[in-house]
>>> print(open('model_39.cif').read())   # mmCIF, C-alpha atoms
data_data
#
loop_
_atom_site.label_atom_id
_atom_site.label_comp_id
_atom_site.auth_asym_id
_atom_site.auth_seq_id
_atom_site.Cartn_x
_atom_site.Cartn_y
_atom_site.Cartn_z
CA MET A 1038 41.09 111.29 135.17
CA SER A 1039 44.68 111.05 136.36
CA GLU A 1040 45.11 107.90 134.25
CA VAL A 1041 44.14 109.85 131.18
CA LEU A 1042 46.59 112.61 132.12
CA ASP A 1043 49.36 110.05 132.65
CA TYR A 1044 48.63 108.62 129.23
CA LEU A 1045 48.80 112.07 127.64
CA ARG A 1046 52.10 112.90 129.39
CA THR A 1047 53.85 109.78 128.11
CA SER A 1048 52.25 109.29 124.70
CA PRO A 1049 54.10 110.57 121.63
CA LEU A 1050 50.73 111.89 120.43
CA THR A 1051 50.87 114.87 122.78
CA GLY A 1052 54.28 116.12 121.65
CA VAL A 1053 53.48 115.56 117.98
CA PHE A 1054 50.12 117.33 118.29
CA LEU A 1055 51.47 120.31 120.27
CA THR A 1056 54.34 120.73 117.80
CA LEU A 1057 52.06 120.62 114.76
CA LEU A 1058 49.52 122.94 116.39
CA GLY A 1059 52.13 125.49 117.50
CA TYR A 1060 53.67 125.51 114.03
CA ARG A 1061 50.25 125.77 112.38
CA ILE A 1062 49.39 128.80 114.51
CA GLY A 1063 52.81 130.24 113.63
CA ARG A 1064 52.07 129.91 109.89
CA GLU A 1065 48.68 131.56 110.41
CA LEU A 1066 50.16 134.51 112.35
CA LYS A 1067 52.85 134.89 109.69
CA ARG A 1068 50.15 135.17 107.03
CA LEU A 1069 48.06 137.57 109.13
CA SER A 1070 51.09 139.78 109.82
CA GLY A 1071 51.66 140.13 106.07
CA ASP A 1072 54.84 137.98 106.24
CA HIS A 1073 56.51 140.12 108.88
CA PRO A 1074 60.09 138.78 109.35
CA LEU A 1075 59.76 138.73 113.15
CA VAL A 1076 56.87 136.28 112.91
CA GLN A 1077 58.80 133.10 112.06
CA PRO A 1078 56.60 130.02 112.59
CA VAL A 1079 59.38 128.22 114.50
CA LEU A 1080 59.67 131.15 116.92
CA VAL A 1081 55.90 131.42 117.45
CA ALA A 1082 55.67 127.66 118.04
CA ILE A 1083 58.47 127.74 120.64
CA LEU A 1084 56.91 130.67 122.48
CA LEU A 1085 53.51 128.91 122.55
CA ILE A 1086 54.65 125.38 123.41
CA GLY A 1087 57.03 126.42 126.22
CA PRO A 1088 54.26 127.92 128.41
CA ALA A 1089 51.78 125.21 127.30
CA LEU A 1090 54.08 122.51 128.70
CA TRP A 1091 54.35 124.42 131.95
CA LEU A 1092 50.55 124.77 132.20
CA LEU A 1093 49.97 121.09 131.42
CA ASP A 1094 52.77 120.06 133.82
CA ILE A 1095 54.63 118.16 131.09
CA ASP A 1096 58.43 118.30 131.38
CA TYR A 1097 60.74 118.69 128.37
CA GLU A 1098 61.79 115.02 128.34
CA GLN A 1099 58.14 113.95 128.22
CA TYR A 1100 57.43 116.43 125.42
CA LEU A 1101 60.37 115.00 123.46
CA ILE A 1102 58.73 111.54 123.35
CA GLY A 1103 56.55 113.04 120.65
CA GLY A 1104 58.83 115.93 119.68
CA SER A 1105 61.59 113.58 118.61
CA VAL A 1106 59.20 111.94 116.13
CA ILE A 1107 59.01 115.31 114.34
CA ALA A 1108 62.71 116.08 114.81
CA PHE A 1109 63.59 112.74 113.20
CA PHE A 1110 62.67 114.18 109.81
CA LEU A 1111 65.49 116.74 110.07
CA GLY A 1112 67.85 114.08 108.69
CA PRO A 1113 65.89 113.33 105.51
CA ALA A 1114 65.16 117.07 105.14
CA THR A 1115 68.89 117.82 105.22
CA VAL A 1116 69.41 115.23 102.47
CA ALA A 1117 66.58 116.91 100.55
CA LEU A 1118 68.62 120.15 100.41
CA ALA A 1119 70.42 118.44 97.51
CA VAL A 1120 67.32 119.19 95.39
CA PRO A 1121 67.43 123.03 95.40
CA LEU A 1122 71.20 122.73 94.93
CA HIS A 1123 70.70 120.40 91.95
CA ARG A 1124 68.38 122.98 90.36
CA GLN A 1125 71.08 125.68 90.76
CA ALA A 1126 73.98 123.42 89.79
CA HIS A 1127 74.86 125.70 86.85
CA HIS A 1128 75.87 128.40 89.38
CA LEU A 1129 78.21 126.06 91.23
CA LYS A 1130 81.35 125.97 89.10
CA GLU A 1131 81.87 129.73 89.26
CA LEU A 1132 81.50 129.65 93.05
CA VAL A 1133 83.93 126.87 93.96
CA VAL A 1134 86.94 129.12 94.66
CA PRO A 1135 85.01 131.92 96.44
CA MET A 1136 83.31 129.30 98.62
CA LEU A 1137 86.50 127.53 99.54
CA VAL A 1138 87.96 130.84 100.73
CA ALA A 1139 84.86 132.45 102.26
CA ILE A 1140 83.54 129.55 104.32
CA PRO A 1141 86.72 128.58 106.23
CA LEU A 1142 87.46 132.31 106.71
CA GLY A 1143 83.93 132.92 107.99
CA ALA A 1144 84.12 129.94 110.34
CA PHE A 1145 87.48 131.14 111.67
CA VAL A 1146 86.18 134.68 112.30
CA SER A 1147 82.94 133.45 113.85
CA ILE A 1148 84.70 131.03 116.23
CA SER A 1149 87.40 133.44 117.37
CA ALA A 1150 85.02 136.39 117.68
CA GLY A 1151 82.72 134.20 119.81
CA VAL A 1152 85.53 133.17 122.16
CA LEU A 1153 87.08 136.64 122.44
CA LEU A 1154 83.78 138.46 122.95
CA VAL A 1155 82.67 136.10 125.70
CA ARG A 1156 86.06 136.65 127.34
CA ALA A 1157 85.85 140.45 126.98
CA LEU A 1158 82.30 140.58 128.34
CA GLY A 1159 83.15 138.62 131.47
CA GLY A 1160 82.12 135.05 130.64
CA ASP A 1161 84.05 132.11 132.10
CA ARG A 1162 86.12 129.47 130.28
CA ASP A 1163 83.20 127.02 129.96
CA LEU A 1164 81.15 129.69 128.26
CA GLU A 1165 84.00 130.55 125.83
CA LEU A 1166 84.30 126.90 124.80
CA THR A 1167 80.55 126.57 124.45
CA MET A 1168 80.26 129.68 122.24
CA ALA A 1169 83.01 128.50 119.83
CA PRO A 1170 81.10 125.90 117.73
CA LYS A 1171 77.65 127.56 117.74
CA SER A 1172 77.56 128.23 113.97
CA ALA A 1173 77.61 124.52 113.11
CA THR A 1174 74.42 122.46 112.92
CA THR A 1175 73.27 121.25 116.35
CA PRO A 1176 74.54 117.62 116.24
CA ILE A 1177 77.99 118.76 115.09
CA ALA A 1178 78.16 121.58 117.63
CA ILE A 1179 77.34 119.11 120.42
CA ALA A 1180 79.98 116.65 119.16
CA ILE A 1181 82.61 119.44 119.07
CA THR A 1182 81.72 120.51 122.60
CA GLU A 1183 82.11 116.95 123.84
CA GLN A 1184 85.56 116.92 122.24
CA VAL A 1185 86.96 120.29 123.39
CA GLY A 1186 84.93 120.94 126.54
CA GLY A 1187 82.02 123.27 127.27
CA VAL A 1188 78.39 122.61 128.13
CA ALA A 1189 76.68 120.34 125.57
CA ALA A 1190 73.10 121.26 126.54
CA LEU A 1191 73.94 124.95 126.31
CA VAL A 1192 75.60 124.73 122.89
CA ALA A 1193 72.34 123.31 121.52
CA VAL A 1194 70.62 126.43 122.84
CA PHE A 1195 73.22 128.73 121.25
CA THR A 1196 72.95 127.07 117.83
CA ILE A 1197 69.16 127.27 117.88
CA VAL A 1198 69.29 130.95 118.85
CA ALA A 1199 71.91 131.65 116.12
CA GLY A 1200 69.54 129.94 113.67
CA ILE A 1201 66.54 131.98 114.77
CA ILE A 1202 68.50 135.26 114.56
CA GLY A 1203 69.30 134.30 110.96
CA ALA A 1204 65.68 133.50 110.13
CA VAL A 1205 64.39 136.71 111.74
CA ALA A 1206 67.08 139.25 110.86
CA GLY A 1207 69.41 137.63 108.27
CA PRO A 1208 67.96 139.10 105.07
CA SER A 1209 67.53 142.63 106.53
CA ILE A 1210 71.07 142.68 107.89
CA LEU A 1211 72.43 141.47 104.54
CA ASN A 1212 70.61 144.43 102.97
CA LEU A 1213 72.25 146.79 105.49
CA LEU A 1214 75.65 145.23 104.63
CA ARG A 1215 74.82 145.86 100.94
CA ILE A 1216 75.24 142.17 100.04
CA ARG A 1217 72.78 141.74 97.17
CA ASP A 1218 74.11 138.76 95.21
CA ARG A 1219 71.74 135.84 95.89
CA ARG A 1220 74.58 133.33 96.01
CA ALA A 1221 76.58 135.41 98.50
CA ARG A 1222 73.48 135.97 100.66
CA GLY A 1223 72.67 132.26 100.76
CA LEU A 1224 76.25 131.26 101.56
CA ALA A 1225 76.39 133.85 104.36
CA ILE A 1226 73.10 132.82 106.01
CA GLY A 1227 73.83 129.10 105.85
CA ALA A 1228 77.30 129.65 107.31
CA VAL A 1229 76.07 131.25 110.54
CA SER A 1230 72.46 130.07 110.88
CA HIS A 1231 72.47 126.48 109.52
CA GLY A 1232 69.07 124.86 108.79
CA ILE A 1233 66.85 127.44 110.47
CA GLY A 1234 68.47 130.24 108.48
CA THR A 1235 68.22 128.06 105.38
CA SER A 1236 64.45 127.76 105.83
CA ARG A 1237 64.20 131.56 105.57
CA ALA A 1238 66.65 131.68 102.64
CA LEU A 1239 64.52 129.11 100.76
CA ALA A 1240 61.50 131.33 101.28
CA GLU A 1241 63.40 134.41 100.03
CA HIS A 1242 64.75 133.04 96.74
CA PRO A 1243 65.56 129.58 95.26
CA VAL A 1244 69.21 130.49 94.60
CA GLU A 1245 69.60 131.86 98.13
CA GLY A 1246 68.10 128.69 99.61
CA ALA A 1247 70.23 126.35 97.54
CA PHE A 1248 73.48 128.05 98.52
CA SER A 1249 72.43 128.36 102.13
CA GLY A 1250 71.93 124.59 102.34
CA LEU A 1251 75.32 123.95 100.76
CA SER A 1252 77.00 126.48 103.02
CA MET A 1253 75.47 124.86 106.10
CA GLY A 1254 77.16 121.55 105.22
CA LEU A 1255 80.54 123.07 104.36
CA SER A 1256 80.50 125.29 107.46
CA ALA A 1257 79.79 122.33 109.72
CA LEU A 1258 82.91 120.69 108.31
CA ALA A 1259 85.03 123.87 108.58
CA THR A 1260 83.83 124.55 112.13
CA SER A 1261 84.61 121.06 113.39
CA LEU A 1262 88.14 121.28 111.95
CA LEU A 1263 88.83 124.84 113.12
CA VAL A 1264 87.42 124.93 116.68
CA PRO A 1265 90.22 122.85 118.27
CA LEU A 1266 92.82 124.96 116.38
CA VAL A 1267 91.35 128.34 117.35
CA ILE A 1268 90.94 127.32 120.98
CA HIS A 1269 94.58 126.26 121.02
CA LEU A 1270 95.68 129.57 119.43
CA LEU A 1271 93.62 131.73 121.79
CA GLY A 1272 94.70 129.78 124.83
CA MET B 389 55.67 109.40 97.65
CA LEU B 390 57.33 106.09 98.40
CA ASN B 391 60.23 106.38 95.96
CA GLY B 392 61.09 109.88 97.11
CA ILE B 393 61.15 108.96 100.80
CA LEU B 394 63.18 105.87 100.00
CA TRP B 395 65.79 108.00 98.23
CA LEU B 396 66.07 110.47 101.10
CA VAL B 397 66.23 107.87 103.87
CA GLY B 398 68.55 105.66 101.82
CA CYS B 399 71.02 108.52 101.21
CA GLN B 400 70.93 109.45 104.89
CA LEU B 401 71.55 105.84 105.90
CA VAL B 402 74.56 105.48 103.60
CA GLY B 403 75.76 108.92 104.77
CA GLU B 404 75.56 107.90 108.44
CA VAL B 405 77.45 104.68 107.70
CA ILE B 406 80.20 106.57 105.83
CA ALA B 407 80.45 109.29 108.52
CA ARG B 408 80.74 106.77 111.35
CA GLY B 409 82.81 104.21 109.46
CA LEU B 410 85.44 106.75 108.42
CA GLU B 411 84.99 108.86 111.60
CA LEU B 412 84.44 111.99 109.49
CA PRO B 413 83.73 115.29 111.28
CA VAL B 414 80.61 115.83 109.13
CA PRO B 415 77.04 114.80 110.00
CA GLY B 416 75.65 111.76 108.16
CA PRO B 417 72.75 113.72 106.63
CA VAL B 418 75.20 116.22 105.09
CA ILE B 419 77.08 113.35 103.42
CA GLY B 420 73.64 112.05 102.38
CA MET B 421 72.98 115.44 100.79
CA VAL B 422 76.20 115.16 98.76
CA LEU B 423 75.28 111.59 97.73
CA LEU B 424 71.80 112.64 96.57
CA PHE B 425 73.29 115.60 94.68
CA ILE B 426 75.68 113.26 92.85
CA ALA B 427 72.87 110.78 92.15
CA LEU B 428 70.64 113.55 90.73
CA SER B 429 73.49 114.85 88.52
CA ILE B 430 73.98 111.34 87.08
CA VAL B 431 70.36 110.15 86.77
CA LYS B 432 68.90 113.58 85.82
CA PRO B 433 65.29 112.65 86.69
CA PRO B 434 62.46 114.72 85.14
CA GLU B 435 61.15 117.67 87.20
CA SER B 436 57.96 115.66 87.89
CA ALA B 437 59.98 112.96 89.69
CA ASN B 438 58.88 111.77 93.07
CA VAL B 439 62.10 112.69 94.86
CA PHE B 440 61.60 116.35 93.88
CA ARG B 441 58.03 116.48 95.13
CA VAL B 442 58.84 114.85 98.47
CA SER B 443 61.91 117.06 98.97
CA ASP B 444 60.01 120.25 98.16
CA ALA B 445 57.22 119.27 100.57
CA LEU B 446 59.71 118.54 103.35
CA LEU B 447 61.70 121.74 102.81
CA ARG B 448 58.55 123.87 102.73
CA HIS B 449 58.08 122.92 106.39
CA LEU B 450 61.74 122.87 107.41
CA GLN B 451 61.04 125.20 110.37
CA LEU B 452 58.57 122.70 111.84
CA LEU B 453 61.38 120.21 112.30
CA PHE B 454 63.37 122.62 114.51
CA VAL B 455 60.49 123.29 116.91
CA PRO B 456 61.27 120.41 119.35
CA ALA B 457 64.91 121.52 119.75
CA GLY B 458 63.79 125.13 120.05
CA VAL B 459 61.37 124.36 122.86
CA GLY B 460 64.43 123.16 124.81
CA VAL B 461 65.76 126.74 124.71
CA VAL B 462 62.85 127.92 126.84
CA THR B 463 63.79 125.47 129.57
CA TYR B 464 67.30 127.03 129.69
CA LEU B 465 66.24 130.68 129.96
CA ALA B 466 66.96 130.75 133.70
CA VAL B 467 70.56 129.59 133.17
CA LEU B 468 71.02 132.15 130.42
CA ARG B 469 69.96 135.06 132.63
CA SER B 470 72.97 134.83 134.95
CA ASP B 471 75.44 135.27 132.07
CA ALA B 472 73.20 137.37 129.86
CA LEU B 473 75.77 139.96 128.69
CA PRO B 474 78.57 137.62 127.47
CA ILE B 475 75.99 135.25 125.96
CA ILE B 476 73.91 137.81 124.09
CA GLY B 477 76.90 139.97 123.10
CA GLY B 478 79.12 137.05 122.13
CA LEU B 479 76.40 135.23 120.24
CA PHE B 480 75.02 138.14 118.25
CA LEU B 481 78.29 139.93 117.42
CA SER B 482 80.15 136.76 116.37
CA TRP B 483 77.10 135.75 114.32
CA LEU B 484 77.21 139.15 112.62
CA ALA B 485 80.98 138.93 112.02
CA GLY B 486 80.64 135.50 110.39
CA LEU B 487 77.72 136.63 108.21
CA ALA B 488 79.55 139.75 107.01
CA VAL B 489 82.86 137.98 106.34
CA VAL B 490 81.29 135.18 104.25
CA GLY B 491 79.00 137.56 102.34
CA TRP B 492 81.66 140.18 101.58
CA THR B 493 84.29 137.61 100.62
CA VAL B 494 81.96 135.97 98.09
CA VAL B 495 80.97 139.37 96.69
CA LEU B 496 84.64 140.35 96.39
CA PHE B 497 85.40 137.22 94.36
CA THR B 498 82.34 137.30 92.10
CA ARG B 499 81.92 141.03 91.46
CA ARG B 500 83.88 141.00 88.20
CA LYS B 501 81.67 138.26 86.73
CA GLY B 502 78.43 140.04 87.61
CA THR B 503 75.96 139.52 90.41
CA VAL B 504 72.96 137.20 90.57
CA ARG B 505 69.97 139.09 91.89
#
>>> encode(input="model_39.cif", output="structure tokens")
Amino acid sequence: MSEVLDYLRTSPLTGVFLTLLGYRIGRELKRLSGDHPLVQPVLVAILLIGPALWLLDIDYEQYLIGGSVIAFFLGPATVALAVPLHRQAHHLKELVVPMLVAIPLGAFVSISAGVLLVRALGGDRDLELTMAPKSATTPIAIAITEQVGGVAALVAVFTIVAGIIGAVAGPSILNLLRIRDRRARGLAIGAVSHGIGTSRALAEHPVEGAFSGLSMGLSALATSLLVPLVIHLLG
Amino acid sequence: MLNGILWLVGCQLVGEVIARGLELPVPGPVIGMVLLFIALSIVKPPESANVFRVSDALLRHLQLLFVPAGVGVVTYLAVLRSDALPIIGGLFLSWLAGLAVVGWTVVLFTRRKGTVR
């Protein structure tokens, strides 16, 4: 019996199966809830798999043996974001100037607000540095943290949480802010909630999804260039 | 299937090589996205093309691909509790500030030319 358990703890099958199952249940709950925005499949899956690992006595590294097989496809999926963008290419020309102003400005505000708020609310220096790059996609945020300081494992957590906030609350908050233009909404979500926000934007509207994917890429670039500068400016 | 996957993986591969070779501060897959966009603009494949079908299928389940990283968050909840106020406040409010600034700036620039709803 323990041999079987050992096999299950180290085989990629377990992580792949748990991930697919958790996500599948998430999709089902989303449907049953009548597409309630709080019921994002990724969130449901996380909340189910976390306790499941604890019950089965599988640690996170063991889960990742299979989990990383799924996560591998993030790369090709990011490349695939060129497709919705290609379909909306006719909107692009008009947006070049607004984008080139809005995205660096947004990155600058998001980085400095993150650092200053952590400082004001009593966080230490490590936490300030870790909050700075959280709007970028996870691999970039980790690379920035390794460059400027901060806690690499924690920045991954912050980016994921920023993504989930975008998927859960992004569209409703954009409504509250009275931002109705699909292009503006997509650019805004992608800028602060990267791929996870983009998944929601794609579900909302094709134009929103296309611009969210584009914004995610441009914001990663802007964030990596601006974080060292802002940290220098804010001391 | 095969052609579509080959396109996506091929663009990512070239993107990773460019990003690392030139030490660019952009992830390889994002450069891959730009490369595929350029390729699609030049080749203009029909809407039935394989690369479209594979991409649509992959993007329909984009959230699935974030689950493994997300599960890692749960293992950090204990660390987060000790600094809950600066983390939650800093994260949410700076997220909100970034969202509002990007959205409003784009609206400001495009309002005269009409909105896309």
>>> residues_around(input="model_39.cif", residues="segment 422-437 of chain B", least_positions_apart="3", cutoff="8 Å", atoms="all atoms listed in the file", output="ChimeraX atom specification")
/A:1116-1117,1119-1120,1122-1123 /B:395-396,399,403,418-419,440-441
>>> interface_residues(input="model_39.cif", of="chain B", to="chain A", cutoff="6 Å", atoms="all atoms listed in the file", output="MDAnalysis selection string")
chainID B and resid 396:397 414 417:418 420:421 425 443 446 450:451 453 455:456 458:459 461 474 478 482:483 486:487 489:491 493:494 497 503:505
>>> closest_residue(input="model_39.cif", among="A:Val1185, A:Leu1166, A:Leu1092, A:Ala1238", to="Arg448 of chain B", atoms="only C-alpha atoms")
A:Ala1238
>>> atom_distance(input="model_39.cif", atom1="atom CA of His1231 of chain A", atom2="atom CA of Ser1249 of chain A")
7.6 Å
>>> atom_distance(input="model_39.cif", atom1="atom CA of Leu1263 of chain A", atom2="atom CA of Phe454 of chain B")
25.6 Å
>>> atom_distance(input="model_39.cif", atom1="atom CA of Leu484 of chain B", atom2="atom CA of Ala1206 of chain A")
10.3 Å
>>> resolve_selection(input="model_39.cif", expression="the PyMOL selection byres ((chain B and resi 392) around 6)", output="list in words")
Met389, Leu390, Asn391, Ile393, Leu394, Trp395, Asn438, Val439 and Val442 of chain B
>>> write_last_selection(input="model_39.cif", atoms="C-alpha atoms", output="PDB file, in the coordinates of the input")
ATOM      1  CA  MET B 389      55.670 109.400  97.650  1.00  0.00           C
ATOM      2  CA  LEU B 390      57.330 106.090  98.400  1.00  0.00           C
ATOM      3  CA  ASN B 391      60.230 106.380  95.960  1.00  0.00           C
ATOM      4  CA  ILE B 393      61.150 108.960 100.800  1.00  0.00           C
ATOM      5  CA  LEU B 394      63.180 105.870 100.000  1.00  0.00           C
ATOM      6  CA  TRP B 395      65.790 108.000  98.230  1.00  0.00           C
ATOM      7  CA  ASN B 438      58.880 111.770  93.070  1.00  0.00           C
ATOM      8  CA  VAL B 439      62.100 112.690  94.860  1.00  0.00           C
ATOM      9  CA  VAL B 442      58.840 114.850  98.470  1.00  0.00           C
TER      10      VAL B 442
END
>>> build_atoms(input="model_39.cif", residues="segment 395-417 of chain B", atoms="N, CA and C atoms", output="CSV table (one decimal), keeping the file's coordinate frame")
chain,number,residue,atom,x,y,z
B,395,TRP,N,64.5,107.3,98.6
B,395,TRP,CA,65.8,108.0,98.2
B,395,TRP,C,66.4,108.8,99.4
B,396,LEU,N,65.6,109.6,100.0
B,396,LEU,CA,66.1,110.5,101.1
B,396,LEU,C,66.6,109.7,102.3
B,397,VAL,N,65.8,108.7,102.7
B,397,VAL,CA,66.2,107.9,103.9
B,397,VAL,C,67.4,107.0,103.5
B,398,GLY,N,67.4,106.5,102.3
B,398,GLY,CA,68.6,105.7,101.8
B,398,GLY,C,69.9,106.5,101.8
B,399,CYS,N,69.8,107.7,101.3
B,399,CYS,CA,71.0,108.5,101.2
B,399,CYS,C,71.5,108.9,102.6
B,400,GLN,N,70.5,109.1,103.5
B,400,GLN,CA,70.9,109.4,104.9
B,400,GLN,C,71.6,108.2,105.5
B,401,LEU,N,71.0,107.1,105.3
B,401,LEU,CA,71.6,105.8,105.9
B,401,LEU,C,73.0,105.6,105.4
B,402,VAL,N,73.2,105.7,104.1
B,402,VAL,CA,74.6,105.5,103.6
B,402,VAL,C,75.5,106.6,104.1
B,403,GLY,N,75.0,107.8,104.2
B,403,GLY,CA,75.8,108.9,104.8
B,403,GLY,C,76.2,108.7,106.2
B,404,GLU,N,75.2,108.2,107.0
B,404,GLU,CA,75.6,107.9,108.4
B,404,GLU,C,76.6,106.8,108.5
B,405,VAL,N,76.5,105.8,107.7
B,405,VAL,CA,77.4,104.7,107.7
B,405,VAL,C,78.8,105.2,107.3
B,406,ILE,N,78.9,106.0,106.3
B,406,ILE,CA,80.2,106.6,105.8
B,406,ILE,C,80.8,107.5,106.9
B,407,ALA,N,80.0,108.4,107.5
B,407,ALA,CA,80.4,109.3,108.5
B,407,ALA,C,81.0,108.5,109.7
B,408,ARG,N,80.3,107.5,110.2
B,408,ARG,CA,80.7,106.8,111.4
B,408,ARG,C,81.9,105.8,111.0
B,409,GLY,N,81.8,105.2,109.9
B,409,GLY,CA,82.8,104.2,109.5
B,409,GLY,C,84.2,104.9,109.3
B,410,LEU,N,84.2,106.1,108.7
B,410,LEU,CA,85.4,106.8,108.4
B,410,LEU,C,85.7,107.8,109.5
B,411,GLU,N,84.9,107.9,110.5
B,411,GLU,CA,85.0,108.9,111.6
B,411,GLU,C,85.2,110.3,111.1
B,412,LEU,N,84.3,110.7,110.1
B,412,LEU,CA,84.4,112.0,109.5
B,412,LEU,C,83.8,113.0,110.4
B,413,PRO,N,84.3,114.2,110.4
B,413,PRO,CA,83.7,115.3,111.3
B,413,PRO,C,82.6,116.0,110.6
B,414,VAL,N,81.8,115.3,109.8
B,414,VAL,CA,80.6,115.8,109.1
B,414,VAL,C,79.4,115.0,109.5
B,415,PRO,N,78.2,115.6,109.7
B,415,PRO,CA,77.0,114.8,110.0
B,415,PRO,C,76.7,113.9,108.8
B,416,GLY,N,76.1,112.7,109.2
B,416,GLY,CA,75.6,111.8,108.2
B,416,GLY,C,74.7,112.4,107.1
B,417,PRO,N,73.7,113.1,107.6
B,417,PRO,CA,72.8,113.7,106.6
B,417,PRO,C,73.4,114.6,105.6
